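Asker: This is the structure I want to talk about, given as C-alpha cells.
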Amino acid sequence: MFSITSLFPACVYADLDIKASAEAEMTFQDVNSEEQGELSLTTVSLLPKVNAIYESRTFSGTWTSSVTHLERDKEINSRKDTYGEYSYSANWAPFDRFIFFEASGGLTYQNTDSSNYLVSDFLSNADSLSKTRTNRVAAQAIIDRGDWVRAYGTASYSALESESSTTNTENGLDNSTMQFSGSLQNSEHAQRFIWEFSGTYQDTERNQTSSNDYISRTADGYVDTVFIENWAFRITASHEANQISNRIDTSSSTRKFNSYGAGLTYRQNADRYISVTANSSDSEISDEGSDNFIGFDLQWALSSRTSVAGSYGKRFYGDSASADIKYNSKYFRTSLSYSEDVTNTSQLLTDFDNLGVFICPTNSSSISDCFQPNSLSYTPSADEQFIQLTTQNVSFDDNIILLKSTNFQAGYDFSRLTLAFSWRYDESNYLDEDRLRRTYSFGTTLAYKLGSYMYLNSNITYANIEERSNSENIATGESDNWNASLGLERKIGRSLTTSIDYNYIEKSGDLNLGGQFGANYTDQRITLSIIYNYM
C-alpha cells in the first residue's frame, strides 16, 4: 500500500486515502438441529480488508474489498473456504451542474433461500449463498437554470450475474437492464401555470430463462392553472404498461393501464401542496373496462426537519398508494415509506433506494462509529454511506412480482448511547404464478459507551416468512427466524480492537427450501476476535 501511494505526485495523492484492517476470529459453535441432532463446530476466520477513497474537484470514488478465509473443525470432517467480496462507486461531474456520470457495483454472497432470511451467513447455510456480481453505469443530465423550463434525464445500464448455489442449482441469474427516465417541469418563474411531465422505460433481458425480456414503461403529467391565490385547477393523466416480450398467452398479456382526471390543488409553494382529482381509467386486463376513482397527491414540508409526501390512485392491479414521511432532530431521526412496484430480482439487486437514518464510515464495523445527519437532504461524502437497517427478502427465481413494501427506521444518538430500530413488511405477489410471499421483520441495534475505550453492542432481529400457493410444485409454509447478539468491544490505542461476542440464532416452522440444518434448529456461538486497523 505504501508503494501504491508513492506512485502519485504530492499534489495528487493527498486526495487518495487508503485504509486497511486485518481481523482474526475464533468461533465456537453449538447447533441443535431437529434433523441432524447436536453438532459442535470450531471455526478460525481471517478477514483482511482494504478501503480506498479518491476525491478531486470533479471526481470521487471508493473501493472496498475483503477476503474471508474459514477453517472449520467439525466432529465428522474439516473444511476450508475462502470468500472474496468487493464493492465500488464512482461519480464524475466534468461539467458543473449539467452532466453527471456514476458507476457502482460489487461482488457479494447473497442468500437465495427466502426461508433462511436473517440466518444465512458464511458459518450457517453457506451452501445457500450465491456469488453475485452487479455493475451499473449511469449518465444524468440536468438543466435547472432556465427561466421557464427545467429538465432532468437519466440513462443507465446494469448487469447482474449470479452463480447457482449448492442447494439450488436452478437459481443462477444472468440479466442486463437498460433504463431511461426523464422529466420536464416549470421553473421558479412560473406563476399561473405549474406543470410537470415525467416518464420511464425499462427493458430487462433475462438470458438464463425462456421467459424473454421484461419491458415496462410509465408516463405521468399534470397541469395546475391558478385561478385564485393558492388555488389551482388541475388536469392530470398517466399511462403504465408491463409486458414480457414474445408472449401471447392470456395470463401474460400486456398489463396496460391509462387514467385521466381533473380536480383542485391548494398550493403554498413547491414543497407544500395538496391535490384532489376525479379520474377515469381503462385497463386491457380489467373485466370492468372503465373505472372511476378519486386521486390524491400530497407533498408538505412541515419544517426544514419534517416532510410528508403521499399519493393514492389506481393501477392495473387495483387500488395503489405511496407514502414517504421523514423527521429529523438533533438526536433523533425517523423515516417511514410505503411503495408499490412491479419489479423482479435483477432490478431489486442492482437499483435500490437507501432509506437509512445513520451515516457510517465505509469501513465501519459497529454502529458506535456512526452518526445522525443534521439535514433531511444530507449528502454523504466519499468515505461515508447511509446504513440500511433492514434488507429485502429476495428470491432468485427472477419472476415478475408486485412488491408492496413498508419500511420504518428510527435512530437515536446522544452522549454514550446509539440506538436504532427498524420495522419492515414486504408482500411479493407473483404475477405469472399462483404464489404469494409475505415477510414481516423488526430489529433493534444498540451501542453503549461504557468507558473511554469500551463499548457494549447488542442486536436483535426477527422475521416471519410465509409462502402461499395452490400449486403442488411450490413449497409452502411458515418460518420464524431469530438472530440476536451481545458483545463487548475494547479499543487499544488507535489501531487495535478486541471483542467477545455471543450470538443466538433460531429457526422454527415448516418452511424449508434447502437449508443446511433443516427447518428447525438453534445455533449458539461465542466469538473471540482481534482487529488491527492501518490508518
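A note on labels: chains of the C-alpha cells are A, B, ... as shown, every chain counts residues from 1, and ligands are counted from 1 in their shown order.
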So that I can see what lies close to stretch 25-28 of chain A, please list as number ranges by chain the residues with an atom at most 9 Å from it, counting only C-alpha atoms and leaving out residues fewer than 2 positions away in the same chain.
Answerer: A: 23, 30, 40-47, 524-531
Asker: A:Trp63: which residues within 10 Å, counting only C-alpha atoms, same-chain residues fewer than 3 positions away excluded, as a ChimeraX atom specification?
Answerer: /A:18,50-54,86-90,104-106,362,383
Asker: For the contact check between stretch 378-496 of chain A and stretch 128-135 of chain A, emit one row per residue of stretch 378-496 of chain A within 12 Å, containing the shortest atom pair and the distance in Å rounded to one decimal, counting only C-alpha atoms, chain then rising number order, as a tab-separated table.
Answerer:
residue	atom	partner	partner_atom	distance
A:Val394	CA	A:Leu129	CA	12.0
A:Ser395	CA	A:Ser130	CA	11.3
A:Phe396	CA	A:Ser130	CA	9.3
Asker: Using DSSP on the backbone, list every residue of stretch 269-336 of chain A that comes out as strand (DSSP E), and give them as a PyMOL selection string.
Answerer: chain A and resi 269+272-283+290-301+306-315+318-328+332-336
Asker: Here is a test: counting only C-alpha atoms, which residue of A:Arg315, A:Arg490, A:Arg145, A:Arg435 is nearest to A:Asn473?
Answerer: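 That would be A:Arg435, the residue with the smallest distance to A:Asn473.
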Asker: Find the residues around A:Arg267 up to 9 Å (only C-alpha atoms counted), leave out those fewer than 5 positions away in its own chain, and share them as a list in words.
Answerer: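 Answer for this query is Glu229, Asn230, Trp231, Ala232, Arg272, Tyr273, Ile274 and Ser275 of chain A.
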Asker: Please write the residues from the selection above to a file, keeping C-alpha atoms, as a compact mmCIF listing (two decimals), in the first residue's frame.
Answerer:
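Written output follows (result-v6.txt):
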# COMPACT_ATOMS: atom_id res chain seq x y z
CA GLU A 229 -54.26 32.84 -4.84
CA ASN A 230 -53.03 29.39 -3.67
CA TRP A 231 -55.84 27.62 -5.56
CA ALA A 232 -55.49 25.98 -8.97
CA ARG A 272 -46.36 22.45 0.13
CA TYR A 273 -49.39 21.41 -1.90
CA ILE A 274 -52.43 19.12 -1.77
CA SER A 275 -54.31 17.94 -4.85
Asker: Mind checking which residues fall within 7 Å of A:Thr58, counting only C-alpha atoms, ignoring those fewer than 3 positions away in the same chain, and posting them as a VMD selection string?
Answerer: chain A and resid 92 to 94
Asker: Residues of stretch 294-397 of chain A in alpha helix (DSSP H) according to DSSP, as a list of chain:residue names?
Answerer: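 DSSP-assigned alpha helix (DSSP H) residues in stretch 294-397 of chain A: A:Thr345, A:Ser346, A:Gln347, A:Leu348, A:Leu349, A:Thr350.
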Asker: Take the residues from that selection and write them out as a PDB file, in the first residue's frame, keeping N, CA and C atoms.
Answerer:
ATOM      1  N   THR A 345     -36.085  -9.701  -9.518  1.00  0.00           N
ATOM      2  CA  THR A 345     -34.894  -9.801  -8.685  1.00  0.00           C
ATOM      3  C   THR A 345     -33.749  -8.953  -9.225  1.00  0.00           C
ATOM      4  N   SER A 346     -33.558  -8.955 -10.536  1.00  0.00           N
ATOM      5  CA  SER A 346     -32.448  -8.204 -11.130  1.00  0.00           C
ATOM      6  C   SER A 346     -32.535  -6.733 -10.778  1.00  0.00           C
ATOM      7  N   GLN A 347     -33.717  -6.150 -10.886  1.00  0.00           N
ATOM      8  CA  GLN A 347     -33.879  -4.736 -10.585  1.00  0.00           C
ATOM      9  C   GLN A 347     -33.702  -4.452  -9.102  1.00  0.00           C
ATOM     10  N   LEU A 348     -34.154  -5.352  -8.245  1.00  0.00           N
ATOM     11  CA  LEU A 348     -34.017  -5.149  -6.805  1.00  0.00           C
ATOM     12  C   LEU A 348     -32.553  -5.164  -6.368  1.00  0.00           C
ATOM     13  N   LEU A 349     -31.736  -5.993  -7.010  1.00  0.00           N
ATOM     14  CA  LEU A 349     -30.344  -6.133  -6.601  1.00  0.00           C
ATOM     15  C   LEU A 349     -29.428  -5.066  -7.187  1.00  0.00           C
ATOM     16  N   THR A 350     -29.799  -4.476  -8.316  1.00  0.00           N
ATOM     17  CA  THR A 350     -28.910  -3.525  -8.989  1.00  0.00           C
ATOM     18  C   THR A 350     -29.321  -2.070  -8.829  1.00  0.00           C
TER      19      THR A 350
END
Asker: Leaving out A:Gln409 and any residue of its chain fewer than 6 positions from it, which residues lie within 9 Å of it when counting only C-alpha atoms, given as a ChimeraX atom specification?
Answerer: /A:333-336,355-357,388-390,420-424
